[in-house]
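Heads up, the thing below is written out as structure tokens.
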Amino acid sequence: MDIRALNERTGIVVDAAMRVHSELGPGLLESAYQTCFAFELRERGLGVQTELQLPVTYKGIRLEAAYRIDLLIEDQIIVETKTVAKFLSIHDAQLLSYLKLSDRRVGLLINFHAVHLRDGIRRLANRL
């Protein structure tokens with residue numbers, strides 16, 4: 001997928017997250033937002049996989065189900081949903097690791113606990 005298409009899809013994802021946050025507001029569990037978010041993305045015609053287990057190679061051995069991605073959209077965009085008071089550097093590190101290990105280029109951290117969702121979105125890139 002070229003960068004223009006990737007940016008367009010990322011925009012659709014952010015818009016869907018804002019819709020969910022507008023409907024539900026802050027204060028729910030991460031699982032509630034994730035379920036509604038996946039529904040909203042599918043309503044918009046995007047392919048979504050949730051709680052996707054992926055392997056990691058360690059010492060030359062492939063270990064299955066070593067980590068889990070919250071949402072993988074169109075097999076390209078990783079989304080990690082959070083419900084935290086504020087983002088920490090470990091959240092960035094987690095998403096960057098997922099991007100590298102899965103060989104994906106773009107990821108979003110979305111914190112549904114933010115009062116204004118625009119303050120709870122981070123876009124990270126791997127090899128762009």
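Starting from 1 in every chain, residues are counted up; chains themselves are A, B, ... following the order of the structure tokens, and ligands are numbered from 1 as listed.
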Can I get the residues of stretch 52-77 of chain A within 9 Å of stretch 22-42 of chain A, each with the closest pair of atoms and their distance in Å to one decimal, using only C-alpha atoms, sorted chain first then ascending number, as a tab-separated table?
```
residue	atom	partner	partner_atom	distance
A:Asp70	CA	A:Gln34	CA	7.7
A:Leu71	CA	A:Ala38	CA	7.7
A:Ile73	CA	A:Leu41	CA	8.4
```
So that I can check the surroundings of A:Thr83, please list as an mmCIF file with C-alpha atoms, in the first residue's frame every protein, DNA and RNA residue that reaches within 6 Å of it, counting only C-alpha atoms and ignoring chain neighbours fewer than 5 positions away.
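Printed below is selection_37.cif as written:
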```cif
data_model
loop_
_atom_site.group_PDB
_atom_site.id
_atom_site.type_symbol
_atom_site.label_atom_id
_atom_site.label_comp_id
_atom_site.auth_asym_id
_atom_site.auth_seq_id
_atom_site.Cartn_x
_atom_site.Cartn_y
_atom_site.Cartn_z
ATOM 1 C CA GLU A 30 -10.752 -0.723 27.153
ATOM 2 C CA ASN A 111 -6.405 6.586 24.502
ATOM 3 C CA PHE A 112 -10.173 6.546 24.969
ATOM 4 C CA HIS A 113 -9.763 7.837 28.531
#
```
Two-atom distance - atom CA of A:Ile61, atom CA of A:Leu101 (Å):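 Computed distance, atom CA of A:Ile61 to atom CA of A:Leu101, equals 13.9 Å.
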Please identify every residue of stretch 21-76 of chain A that has at least one atom no farther than 12 Å from an atom of stretch 87-97 of chain A, counting only C-alpha atoms, and for each give the shortest atom pair and the distance in Å to one decimal, arranged by chain then increasing number, as CSV.
```
residue,atom,partner,partner_atom,distance
A:Val56,CA,A:Ser97,CA,10.7
A:Tyr67,CA,A:Ser97,CA,10.2
A:Arg68,CA,A:Gln94,CA,10.7
A:Ile69,CA,A:Leu95,CA,8.9
A:Asp70,CA,A:Leu95,CA,10.3
A:Leu71,CA,A:Leu95,CA,11.5
A:Leu72,CA,A:Leu95,CA,12.0
```
- prompt: Hey, what's within 10 Å of A:Arg127 if we count only C-alpha atoms and toss same-chain stuff fewer than 4 positions away? As a PyMOL selection string, please?
  reply: chain A and resi 99-100+103-106
task: Report the residues of stretch 30-119 of chain A whose backbone DSSP state falls under strand (DSSP E or B), written as a VMD selection string.
output: chain A and resid 48 to 58 61 to 73 77 to 82 106 to 111
message: Taking only C-alpha atoms into account, name the residue in A:Val48, A:Ile121, A:Ala17, A:Leu6 that is nearest to A:Asp75.
response: A:Val48
task: Could you check how far atom CA of A:Val20 sits from atom CA of A:Gln76, in Å to one decimal?
output: 21.2 Å
message: According to DSSP computed on the backbone, where in stretch 4-64 of chain A is there alpha helix (DSSP H)? Give the residues as an MDAnalysis selection string.
response: chainID A and resid 4:24 30:43
How would the residues just chosen look if you wrote them out with N, CA and C atoms as a compact mmCIF listing (two decimals), in the first residue's frame?
```
# COMPACT_ATOMS: atom_id res chain seq x y z
N ARG A 4 0.13 7.40 0.38
CA ARG A 4 -1.11 8.18 0.28
C ARG A 4 -2.31 7.35 0.75
N ALA A 5 -2.40 6.12 0.28
CA ALA A 5 -3.50 5.23 0.69
C ALA A 5 -3.42 4.93 2.18
N LEU A 6 -2.22 4.74 2.68
CA LEU A 6 -2.02 4.47 4.11
C LEU A 6 -2.48 5.66 4.94
N ASN A 7 -2.13 6.86 4.52
CA ASN A 7 -2.56 8.07 5.23
C ASN A 7 -4.08 8.24 5.18
N GLU A 8 -4.66 7.92 4.03
CA GLU A 8 -6.13 8.02 3.90
C GLU A 8 -6.82 7.04 4.84
N ARG A 9 -6.35 5.82 4.88
CA ARG A 9 -6.94 4.82 5.77
C ARG A 9 -6.74 5.20 7.24
N THR A 10 -5.58 5.74 7.56
CA THR A 10 -5.33 6.18 8.93
C THR A 10 -6.31 7.27 9.32
N GLY A 11 -6.62 8.16 8.39
CA GLY A 11 -7.61 9.21 8.65
C GLY A 11 -8.99 8.64 8.93
N ILE A 12 -9.37 7.61 8.19
CA ILE A 12 -10.66 6.94 8.42
C ILE A 12 -10.68 6.31 9.81
N VAL A 13 -9.57 5.71 10.20
CA VAL A 13 -9.47 5.07 11.52
C VAL A 13 -9.62 6.11 12.63
N VAL A 14 -8.94 7.23 12.49
CA VAL A 14 -9.03 8.29 13.50
C VAL A 14 -10.45 8.83 13.57
N ASP A 15 -11.09 9.03 12.44
CA ASP A 15 -12.47 9.51 12.42
C ASP A 15 -13.40 8.52 13.11
N ALA A 16 -13.20 7.23 12.88
CA ALA A 16 -14.01 6.20 13.52
C ALA A 16 -13.81 6.22 15.04
N ALA A 17 -12.57 6.38 15.47
CA ALA A 17 -12.28 6.45 16.91
C ALA A 17 -12.98 7.64 17.54
N MET A 18 -12.97 8.76 16.84
CA MET A 18 -13.63 9.96 17.37
C MET A 18 -15.14 9.76 17.48
N ARG A 19 -15.69 9.04 16.52
CA ARG A 19 -17.13 8.75 16.56
C ARG A 19 -17.47 7.90 17.79
N VAL A 20 -16.67 6.87 18.03
CA VAL A 20 -16.90 6.00 19.19
C VAL A 20 -16.76 6.81 20.48
N HIS A 21 -15.73 7.62 20.57
CA HIS A 21 -15.51 8.42 21.78
C HIS A 21 -16.64 9.42 21.99
N SER A 22 -17.14 10.00 20.91
CA SER A 22 -18.27 10.94 21.02
C SER A 22 -19.52 10.24 21.55
N GLU A 23 -19.73 9.01 21.11
CA GLU A 23 -20.91 8.25 21.54
C GLU A 23 -20.79 7.78 22.99
N LEU A 24 -19.62 7.26 23.37
CA LEU A 24 -19.45 6.62 24.67
C LEU A 24 -18.87 7.53 25.74
N GLU A 30 -11.36 -0.64 28.48
CA GLU A 30 -10.75 -0.72 27.15
C GLU A 30 -11.51 -1.68 26.24
N SER A 31 -11.97 -2.80 26.77
CA SER A 31 -12.65 -3.80 25.95
C SER A 31 -13.94 -3.25 25.33
N ALA A 32 -14.65 -2.38 26.02
CA ALA A 32 -15.87 -1.79 25.48
C ALA A 32 -15.55 -0.90 24.28
N TYR A 33 -14.53 -0.07 24.42
CA TYR A 33 -14.14 0.80 23.30
C TYR A 33 -13.64 -0.03 22.13
N GLN A 34 -12.85 -1.04 22.42
CA GLN A 34 -12.28 -1.86 21.36
C GLN A 34 -13.37 -2.56 20.56
N THR A 35 -14.37 -3.08 21.23
CA THR A 35 -15.48 -3.76 20.55
C THR A 35 -16.28 -2.79 19.68
N CYS A 36 -16.61 -1.62 20.23
CA CYS A 36 -17.36 -0.63 19.46
C CYS A 36 -16.54 -0.06 18.32
N PHE A 37 -15.24 0.13 18.56
CA PHE A 37 -14.34 0.66 17.55
C PHE A 37 -14.23 -0.30 16.37
N ALA A 38 -14.06 -1.58 16.65
CA ALA A 38 -13.99 -2.58 15.58
C ALA A 38 -15.29 -2.59 14.79
N PHE A 39 -16.43 -2.50 15.49
CA PHE A 39 -17.72 -2.44 14.82
C PHE A 39 -17.79 -1.23 13.89
N GLU A 40 -17.39 -0.07 14.39
CA GLU A 40 -17.43 1.18 13.61
C GLU A 40 -16.54 1.08 12.37
N LEU A 41 -15.37 0.50 12.53
CA LEU A 41 -14.45 0.34 11.39
C LEU A 41 -15.03 -0.59 10.33
N ARG A 42 -15.64 -1.67 10.77
CA ARG A 42 -16.27 -2.60 9.82
C ARG A 42 -17.46 -1.95 9.11
N GLU A 43 -18.20 -1.13 9.84
CA GLU A 43 -19.30 -0.38 9.24
C GLU A 43 -18.81 0.52 8.11
```
